[in-house]
file model33.cif (mmCIF, C-alpha atoms)
data_data
#
loop_
_atom_site.label_atom_id
_atom_site.label_comp_id
_atom_site.auth_asym_id
_atom_site.auth_seq_id
_atom_site.Cartn_x
_atom_site.Cartn_y
_atom_site.Cartn_z
CA MET A 6 161.48 -82.12 69.66
CA THR A 7 159.09 -82.63 72.56
CA GLY A 8 157.44 -85.97 73.34
CA GLN A 9 154.11 -84.65 72.06
CA ALA A 10 155.70 -83.50 68.80
CA ARG A 11 157.34 -86.91 68.34
CA ASN A 12 154.01 -88.64 68.89
CA GLU A 13 152.30 -86.37 66.36
CA ALA A 14 155.05 -86.97 63.81
CA ALA A 15 154.61 -90.74 64.21
CA ILE A 16 150.94 -90.49 63.21
CA ARG A 17 150.69 -90.66 59.44
CA ALA A 18 147.89 -90.10 56.97
CA PRO A 19 145.87 -93.22 56.07
CA SER A 20 147.29 -95.56 53.45
CA ALA A 21 146.67 -95.13 49.74
CA LEU A 22 144.64 -98.36 49.76
CA LEU A 23 142.21 -97.04 52.34
CA ALA A 24 141.96 -93.74 50.49
CA LEU A 25 141.29 -95.39 47.12
CA THR A 26 138.54 -97.60 48.54
CA GLU A 27 136.68 -94.76 50.26
CA LEU A 28 133.97 -94.34 47.60
CA PRO A 29 133.01 -98.01 47.14
CA ARG A 30 132.99 -98.54 50.89
CA ALA A 31 130.80 -95.49 51.42
CA LEU A 32 128.37 -96.73 48.78
CA ALA A 33 128.22 -100.11 50.51
CA GLU A 34 127.42 -98.40 53.82
CA PHE A 35 124.63 -96.44 52.17
CA GLY A 36 123.32 -99.66 50.64
CA ALA A 37 123.25 -101.29 54.08
CA LEU A 38 120.66 -98.82 55.37
CA GLY A 39 117.78 -100.94 54.10
CA LEU A 40 119.05 -104.07 55.82
CA ALA A 41 119.66 -102.12 59.03
CA ALA A 42 116.23 -100.46 59.03
CA PRO A 43 114.70 -102.84 61.65
CA ILE A 44 117.56 -102.12 64.06
CA LEU A 45 117.53 -98.38 63.40
CA ALA A 46 113.81 -98.41 64.14
CA THR A 47 114.67 -99.39 67.73
CA ALA A 48 116.87 -96.31 68.26
CA PRO A 49 115.77 -94.18 71.23
CA ARG A 50 113.26 -91.48 70.40
CA GLY A 51 114.12 -87.81 70.60
CA ASP A 52 112.75 -85.09 72.86
CA GLY A 53 112.31 -82.55 70.07
CA HIS A 54 115.35 -80.45 70.85
CA PRO A 55 117.18 -78.74 67.95
CA VAL A 56 120.19 -80.38 66.31
CA MET A 57 122.45 -78.55 63.86
CA VAL A 58 124.39 -80.80 61.50
CA LEU A 59 127.66 -79.45 60.09
CA PRO A 60 128.99 -80.98 56.83
CA GLY A 61 132.57 -82.01 56.12
CA PHE A 62 135.24 -80.30 54.06
CA VAL A 63 134.04 -79.16 50.58
CA THR A 64 130.62 -80.74 51.10
CA SER A 65 127.30 -79.01 51.69
CA ASP A 66 124.02 -79.69 53.49
CA ARG A 67 123.13 -82.21 50.78
CA SER A 68 125.70 -84.60 52.25
CA THR A 69 123.90 -84.63 55.61
CA THR A 70 120.41 -85.23 54.21
CA VAL A 71 120.19 -88.89 55.30
CA LEU A 72 121.35 -88.09 58.83
CA ARG A 73 118.96 -85.18 59.22
CA ARG A 74 115.99 -87.15 57.90
CA PHE A 75 116.82 -89.96 60.30
CA LEU A 76 116.90 -87.55 63.23
CA ALA A 77 113.64 -85.93 62.15
CA GLY A 78 112.03 -89.37 62.08
CA LEU A 79 113.11 -89.89 65.69
CA GLY A 80 111.44 -86.69 66.78
CA TYR A 81 114.31 -84.21 66.79
CA ASP A 82 114.31 -80.77 65.18
CA PRO A 83 117.28 -81.04 62.76
CA HIS A 84 118.74 -77.96 61.09
CA GLU A 85 121.07 -77.42 58.15
CA TRP A 86 124.08 -75.28 58.76
CA GLY A 87 122.98 -73.14 55.79
CA LEU A 88 126.44 -71.81 54.88
CA GLY A 89 126.99 -73.55 51.53
CA ARG A 90 130.03 -75.69 50.97
CA ASN A 91 132.34 -76.10 53.92
CA LEU A 92 135.41 -74.20 52.79
CA GLY A 93 136.67 -73.36 56.24
CA PRO A 94 136.91 -69.63 57.00
CA ARG A 95 135.56 -68.81 53.55
CA ALA A 96 132.25 -70.36 54.67
CA ILE A 97 132.04 -69.42 58.35
CA GLY A 98 133.99 -66.15 58.40
CA SER A 99 137.51 -65.43 59.55
CA GLU A 100 136.41 -65.49 63.20
CA GLY A 101 133.62 -68.03 62.74
CA GLU A 102 131.09 -65.21 63.03
CA LYS A 103 128.67 -66.63 60.43
CA LEU A 104 128.52 -69.96 62.21
CA ILE A 105 128.08 -68.28 65.60
CA ASP A 106 125.20 -66.25 64.13
CA ARG A 107 123.60 -69.39 62.69
CA LEU A 108 123.71 -71.12 66.07
CA GLY A 109 122.29 -68.02 67.72
CA GLN A 110 119.37 -67.95 65.28
CA ILE A 111 118.42 -71.57 66.03
CA HIS A 112 118.84 -71.09 69.78
CA ALA A 113 116.70 -67.95 69.77
CA ALA A 114 114.00 -69.41 67.52
CA THR A 115 113.59 -72.60 69.55
CA GLY A 116 114.39 -71.34 73.02
CA ARG A 117 116.41 -74.51 73.62
CA LYS A 118 120.05 -75.50 73.64
CA VAL A 119 121.26 -76.94 70.35
CA SER A 120 123.12 -80.23 69.93
CA LEU A 121 125.89 -80.05 67.32
CA VAL A 122 126.73 -83.00 65.07
CA GLY A 123 129.77 -82.32 62.90
CA TRP A 124 131.24 -84.51 60.19
CA SER A 125 135.01 -84.27 59.67
CA LEU A 126 135.94 -80.56 59.45
CA GLY A 127 132.39 -79.80 60.55
CA GLY A 128 133.11 -81.56 63.83
CA VAL A 129 136.26 -79.50 64.41
CA MET A 130 134.14 -76.41 63.90
CA ALA A 131 131.42 -77.72 66.21
CA ARG A 132 133.92 -78.11 69.04
CA GLN A 133 135.18 -74.56 68.59
CA LEU A 134 131.63 -73.25 68.29
CA SER A 135 130.77 -74.81 71.66
CA ARG A 136 133.59 -72.78 73.21
CA ARG A 137 132.39 -69.53 71.69
CA SER A 138 128.72 -70.04 72.66
CA PRO A 139 128.54 -72.65 75.44
CA GLU A 140 125.26 -71.23 76.71
CA ALA A 141 123.58 -72.27 73.43
CA VAL A 142 125.07 -75.77 73.05
CA ARG A 143 123.71 -78.94 74.63
CA GLN A 144 126.37 -81.39 73.45
CA VAL A 145 128.82 -82.05 70.61
CA ILE A 146 129.12 -85.21 68.50
CA THR A 147 131.94 -85.49 65.98
CA LEU A 148 132.16 -87.94 63.08
CA GLY A 149 135.73 -88.64 61.96
CA SER A 150 136.88 -85.16 62.97
CA PRO A 151 140.67 -84.61 63.27
CA PHE A 152 140.57 -82.12 66.12
CA THR A 153 144.01 -82.95 67.51
CA GLY A 154 147.46 -83.82 66.18
CA THR A 155 149.04 -82.52 63.01
CA PRO A 156 146.81 -81.53 60.04
CA ARG A 157 149.33 -83.27 57.79
CA ALA A 158 148.05 -86.63 59.04
CA THR A 159 145.29 -86.41 56.44
CA ASN A 160 145.13 -87.03 52.72
CA VAL A 161 143.47 -83.68 52.02
CA TRP A 162 145.60 -81.06 53.76
CA ARG A 163 147.00 -79.67 50.51
CA ALA A 164 143.48 -79.37 49.09
CA TYR A 165 142.43 -77.67 52.31
CA GLU A 166 145.11 -75.01 51.94
CA MET A 167 144.28 -74.44 48.28
CA LEU A 168 140.48 -74.21 48.68
CA THR A 169 140.26 -72.36 51.98
CA GLY A 170 143.17 -69.99 51.56
CA GLN A 171 144.31 -70.91 55.06
CA LYS A 172 147.80 -72.30 55.66
CA ILE A 173 147.99 -75.00 58.30
CA ASP A 174 151.32 -73.66 59.57
CA ASP A 175 149.95 -70.18 60.26
CA PRO A 176 150.34 -69.26 63.96
CA GLU A 177 146.61 -68.54 64.19
CA VAL A 178 145.75 -72.00 62.86
CA ARG A 179 148.18 -73.67 65.24
CA ASP A 180 146.64 -71.79 68.17
CA GLN A 181 143.20 -73.00 67.10
CA LEU A 182 144.45 -76.58 66.86
CA ARG A 183 145.93 -76.45 70.35
CA GLU A 184 142.62 -75.17 71.67
CA SER A 185 140.66 -77.77 69.71
CA ALA A 186 142.54 -80.64 71.35
CA VAL A 187 141.11 -79.66 74.75
CA PRO A 188 137.69 -81.18 75.57
CA PRO A 189 134.79 -78.80 74.90
CA PRO A 190 132.92 -77.14 77.80
CA VAL A 191 129.90 -79.35 77.07
CA PRO A 192 129.48 -83.16 76.84
CA SER A 193 131.31 -84.44 73.76
CA THR A 194 131.40 -87.77 71.94
CA ALA A 195 133.83 -88.65 69.15
CA ILE A 196 132.76 -91.30 66.65
CA TYR A 197 135.60 -92.62 64.52
CA SER A 198 136.77 -95.54 62.36
CA ARG A 199 140.20 -97.12 62.24
CA GLU A 200 139.48 -97.84 58.56
CA ASP A 201 139.19 -94.11 57.82
CA GLY A 202 140.90 -93.42 54.49
CA VAL A 203 140.97 -89.62 54.76
CA VAL A 204 142.17 -88.69 58.25
CA ALA A 205 144.28 -90.48 60.84
CA TRP A 206 141.82 -91.98 63.31
CA GLN A 207 144.23 -91.34 66.20
CA ASN A 208 143.58 -87.62 65.77
CA CYS A 209 139.81 -88.09 66.03
CA VAL A 210 139.74 -89.42 69.61
CA GLU A 211 138.66 -87.49 72.69
CA PRO A 212 141.01 -87.32 75.68
CA SER A 213 139.66 -88.80 78.88
CA GLY A 214 137.32 -86.53 80.78
CA PRO A 215 134.17 -86.55 82.93
CA GLU A 216 131.96 -85.72 79.94
CA THR A 217 133.85 -87.18 76.97
CA ASP A 218 133.53 -90.51 75.23
CA ASN A 219 134.68 -92.28 72.06
CA ILE A 220 132.72 -94.71 69.93
CA GLU A 221 134.56 -96.79 67.36
CA VAL A 222 132.68 -97.98 64.29
CA HIS A 223 133.71 -99.95 61.21
CA GLY A 224 133.52 -98.03 57.96
CA SER A 225 134.88 -95.35 55.67
CA HIS A 226 135.29 -91.63 56.28
CA CYS A 227 133.00 -90.61 53.43
CA GLY A 228 130.29 -93.00 54.60
CA LEU A 229 130.09 -91.86 58.22
CA GLY A 230 126.91 -89.87 57.61
CA VAL A 231 125.08 -92.90 56.17
CA ASN A 232 126.68 -95.69 58.19
CA PRO A 233 123.92 -97.51 60.14
CA SER A 234 126.10 -98.01 63.23
CA VAL A 235 126.94 -94.29 63.22
CA LEU A 236 123.29 -93.30 62.91
CA TYR A 237 122.32 -95.49 65.86
CA ALA A 238 125.19 -94.17 67.98
CA VAL A 239 124.25 -90.55 67.20
CA ALA A 240 120.64 -91.28 68.18
CA ASP A 241 121.79 -92.85 71.43
CA ARG A 242 123.93 -89.84 72.32
CA LEU A 243 121.25 -87.28 71.47
CA ALA A 244 118.75 -89.12 73.67
CA GLN A 245 120.77 -88.28 76.78
CA GLY A 246 118.80 -85.96 79.01
CA GLU A 247 120.05 -82.41 79.33
CA GLY A 248 122.27 -82.30 82.38
CA ALA A 249 122.17 -86.11 82.67
CA TRP A 250 124.80 -87.15 80.14
CA GLN A 251 126.30 -90.62 80.52
CA PRO A 252 128.96 -92.51 78.49
CA PHE A 253 127.80 -94.86 75.76
CA GLU A 254 126.65 -98.16 77.24
CA ARG A 255 128.32 -101.14 75.59
CA THR A 256 126.41 -104.24 76.62
CA GLY A 257 124.82 -107.13 74.75
CA LEU A 258 124.79 -106.67 70.98
CA LYS A 259 126.31 -103.20 71.31
CA ALA A 260 129.50 -104.76 72.65
CA LEU A 261 129.91 -106.58 69.32
CA VAL A 262 128.93 -103.69 67.06
CA TYR A 263 130.94 -101.07 68.94
CA PRO A 264 134.20 -102.83 69.83
CA PHE A 265 136.07 -100.05 71.60
CA ALA A 266 135.09 -98.80 75.03
CA GLY A 267 136.50 -95.75 76.72
CA HIS A 268 139.49 -93.82 75.44
CA ALA A 269 142.32 -94.79 73.12
#
call {"tool": "encode", "arguments": {"input": "model33.cif", "output": "structure tokens"}}
result
Amino acid sequence: MTGQARNEAAIRAPSALLALTELPRALAEFGALGLAAPILATAPRGDGHPVMVLPGFVTSDRSTTVLRRFLAGLGYDPHEWGLGRNLGPRAIGSEGEKLIDRLGQIHAATGRKVSLVGWSLGGVMARQLSRRSPEAVRQVITLGSPFTGTPRATNVWRAYEMLTGQKIDDPEVRDQLRESAVPPPVPSTAIYSREDGVVAWQNCVEPSGPETDNIEVHGSHCGLGVNPSVLYAVADRLAQGEGAWQPFERTGLKALVYPFAGHA
């Protein structure tokens, strides 16, 4: 067993306690939106560029409604992914062709590069999509997306196999996972929580690179799309000028809200 394999084997799925408390914690994060409204109102404004938001495993565009409305309020042009429930290849096609087409439609209609914000499995897809169509992608932001390590370090891998029809040990899947662990060809930021009850947070962290960054937040996996600190961080990242990307600045109050700087 190689050193990398040993490291992957040492990373386990989140505890049963974290998994069982996912729903109440997510509801609490949603409830905190009202209290956080004054702070969210100070988020940097957008430049109108298109943003496609990809939902997590088994969820649909309804799950990203809060995030998309928030981005629209900041002046962005948010788009649904429009492919129904995220059931892996059953939703995007065996080669991701439906998702590639969707990105192409938005890029052609707006004439601008598209930022991709992907939640969980949606983030894994966003990273791969940026490799297939780098000319159409401005940047990638992932929310609790396990794009590296073993897929067994989640509490949903059996459900994934059953609902998608894709086995995580298939050679094709393993090749995709190896590719996914490499930083995308565009600026990429991974937002994650060590209290994630669905996926191992260690597998949601970007490796060090000139255009990669990680932002740690406190919260659940299922609440990432409504977590006030996540919304602010996404707004901050999207406000980076095209071709002028910089790592997340952690000064003042941000240093308290976002405790981890750099790479794990």
call {"tool": "resolve_selection", "arguments": {"input": "model33.cif", "expression": "the PyMOL selection byres ((chain A and resi 17) around 7)", "output": "list in words"}}
result
Ala15, Ile16, Ala18, Pro19, Ala158 and Ala205 of chain A
call {"tool": "resolve_selection", "arguments": {"input": "model33.cif", "expression": "the PyMOL selection byres ((chain A and resi 63-72) around 6)", "output": "JSON, numbers by chain"}}
result
{"A": [60, 61, 62, 73, 74, 75, 85, 89, 90, 91, 92, 230]}
call {"tool": "residues_around", "arguments": {"input": "model33.cif", "residues": "Glu100 in chain A", "least_positions_apart": "4", "cutoff": "12 Å", "atoms": "all atoms listed in the file", "output": "list of chain:residue names"}}
result
A:Gly93, A:Pro94, A:Arg95, A:Ala96, A:Leu104, A:Ile105, A:Asp106, A:Met130, A:Gln133, A:Leu134, A:Arg137, A:Glu177, A:Val178, A:Gln181
call {"tool": "atom_distance", "arguments": {"input": "model33.cif", "atom1": "CA of Ala31 in chain A", "atom2": "CA of Pro188 in chain A"}}
result
28.9 Å
call {"tool": "atom_distance", "arguments": {"input": "model33.cif", "atom1": "CA of Gln110 in chain A", "atom2": "CA of Ala131 in chain A"}}
result
15.5 Å
call {"tool": "atom_distance", "arguments": {"input": "model33.cif", "atom1": "CA of Ala186 in chain A", "atom2": "CA of Asn160 in chain A"}}
result
19.9 Å
call {"tool": "residues_around", "arguments": {"input": "model33.cif", "residues": "Val56 in chain A", "least_positions_apart": "2", "cutoff": "8 Å", "atoms": "all atoms listed in the file", "output": "PyMOL selection string"}}
result
chain A and resi 54+58+81-84+119-122
call {"tool": "residues_around", "arguments": {"input": "model33.cif", "residues": "range 247-255 of chain A", "least_positions_apart": "2", "cutoff": "12 Å", "atoms": "only C-alpha atoms", "output": "PyMOL selection string"}}
result
chain A and resi 51-52+54+117-120+142-145+191-196+213-221+237-245+257-268
call {"tool": "write_last_selection", "arguments": {"input": "model33.cif", "atoms": "C-alpha atoms", "output": "PDB file, keeping the file's coordinate frame"}}
result
ATOM      1  CA  GLY A  51     114.120 -87.810  70.600  1.00  0.00           C
ATOM      2  CA  ASP A  52     112.750 -85.090  72.860  1.00  0.00           C
ATOM      3  CA  HIS A  54     115.350 -80.450  70.850  1.00  0.00           C
ATOM      4  CA  ARG A 117     116.410 -74.510  73.620  1.00  0.00           C
ATOM      5  CA  LYS A 118     120.050 -75.500  73.640  1.00  0.00           C
ATOM      6  CA  VAL A 119     121.260 -76.940  70.350  1.00  0.00           C
ATOM      7  CA  SER A 120     123.120 -80.230  69.930  1.00  0.00           C
ATOM      8  CA  VAL A 142     125.070 -75.770  73.050  1.00  0.00           C
ATOM      9  CA  ARG A 143     123.710 -78.940  74.630  1.00  0.00           C
ATOM     10  CA  GLN A 144     126.370 -81.390  73.450  1.00  0.00           C
ATOM     11  CA  VAL A 145     128.820 -82.050  70.610  1.00  0.00           C
ATOM     12  CA  VAL A 191     129.900 -79.350  77.070  1.00  0.00           C
ATOM     13  CA  PRO A 192     129.480 -83.160  76.840  1.00  0.00           C
ATOM     14  CA  SER A 193     131.310 -84.440  73.760  1.00  0.00           C
ATOM     15  CA  THR A 194     131.400 -87.770  71.940  1.00  0.00           C
ATOM     16  CA  ALA A 195     133.830 -88.650  69.150  1.00  0.00           C
ATOM     17  CA  ILE A 196     132.760 -91.300  66.650  1.00  0.00           C
ATOM     18  CA  SER A 213     139.660 -88.800  78.880  1.00  0.00           C
ATOM     19  CA  GLY A 214     137.320 -86.530  80.780  1.00  0.00           C
ATOM     20  CA  PRO A 215     134.170 -86.550  82.930  1.00  0.00           C
ATOM     21  CA  GLU A 216     131.960 -85.720  79.940  1.00  0.00           C
ATOM     22  CA  THR A 217     133.850 -87.180  76.970  1.00  0.00           C
ATOM     23  CA  ASP A 218     133.530 -90.510  75.230  1.00  0.00           C
ATOM     24  CA  ASN A 219     134.680 -92.280  72.060  1.00  0.00           C
ATOM     25  CA  ILE A 220     132.720 -94.710  69.930  1.00  0.00           C
ATOM     26  CA  GLU A 221     134.560 -96.790  67.360  1.00  0.00           C
ATOM     27  CA  TYR A 237     122.320 -95.490  65.860  1.00  0.00           C
ATOM     28  CA  ALA A 238     125.190 -94.170  67.980  1.00  0.00           C
ATOM     29  CA  VAL A 239     124.250 -90.550  67.200  1.00  0.00           C
ATOM     30  CA  ALA A 240     120.640 -91.280  68.180  1.00  0.00           C
ATOM     31  CA  ASP A 241     121.790 -92.850  71.430  1.00  0.00           C
ATOM     32  CA  ARG A 242     123.930 -89.840  72.320  1.00  0.00           C
ATOM     33  CA  LEU A 243     121.250 -87.280  71.470  1.00  0.00           C
ATOM     34  CA  ALA A 244     118.750 -89.120  73.670  1.00  0.00           C
ATOM     35  CA  GLN A 245     120.770 -88.280  76.780  1.00  0.00           C
ATOM     36  CA  GLY A 257     124.820-107.130  74.750  1.00  0.00           C
ATOM     37  CA  LEU A 258     124.790-106.670  70.980  1.00  0.00           C
ATOM     38  CA  LYS A 259     126.310-103.200  71.310  1.00  0.00           C
ATOM     39  CA  ALA A 260     129.500-104.760  72.650  1.00  0.00           C
ATOM     40  CA  LEU A 261     129.910-106.580  69.320  1.00  0.00           C
ATOM     41  CA  VAL A 262     128.930-103.690  67.060  1.00  0.00           C
ATOM     42  CA  TYR A 263     130.940-101.070  68.940  1.00  0.00           C
ATOM     43  CA  PRO A 264     134.200-102.830  69.830  1.00  0.00           C
ATOM     44  CA  PHE A 265     136.070-100.050  71.600  1.00  0.00           C
ATOM     45  CA  ALA A 266     135.090 -98.800  75.030  1.00  0.00           C
ATOM     46  CA  GLY A 267     136.500 -95.750  76.720  1.00  0.00           C
ATOM     47  CA  HIS A 268     139.490 -93.820  75.440  1.00  0.00           C
TER      48      HIS A 268
END
call {"tool": "closest_residue", "arguments": {"input": "model33.cif", "among": "A:Pro212, A:Gly101, A:Gly149, A:Gly109", "to": "Pro189 in chain A", "atoms": "only C-alpha atoms"}}
result
A:Pro212
call {"tool": "closest_residue", "arguments": {"input": "model33.cif", "among": "A:Pro176, A:Pro233, A:Pro55, A:Gly78", "to": "Glu34 in chain A", "atoms": "only C-alpha atoms"}}
result
A:Pro233
call {"tool": "resolve_selection", "arguments": {"input": "model33.cif", "expression": "the PyMOL selection byres ((chain A and resi 129) around 8)", "output": "VMD selection string"}}
result
chain A and resid 123 125 to 128 130 to 133 147 150 to 152 185
call {"tool": "closest_residue", "arguments": {"input": "model33.cif", "among": "A:Val222, A:Leu59, A:Leu45, A:Ala113", "to": "Ser198 in chain A", "atoms": "all atoms listed in the file"}}
result
A:Val222
call {"tool": "closest_residue", "arguments": {"input": "model33.cif", "among": "A:Gly224, A:Gly53, A:Pro190, A:Gly80", "to": "Val203 in chain A", "atoms": "all atoms listed in the file"}}
result
A:Gly224
call {"tool": "closest_residue", "arguments": {"input": "model33.cif", "among": "A:Ser225, A:Thr256, A:Thr169, A:Thr155", "to": "Leu32 in chain A", "atoms": "all atoms listed in the file"}}
result
A:Ser225
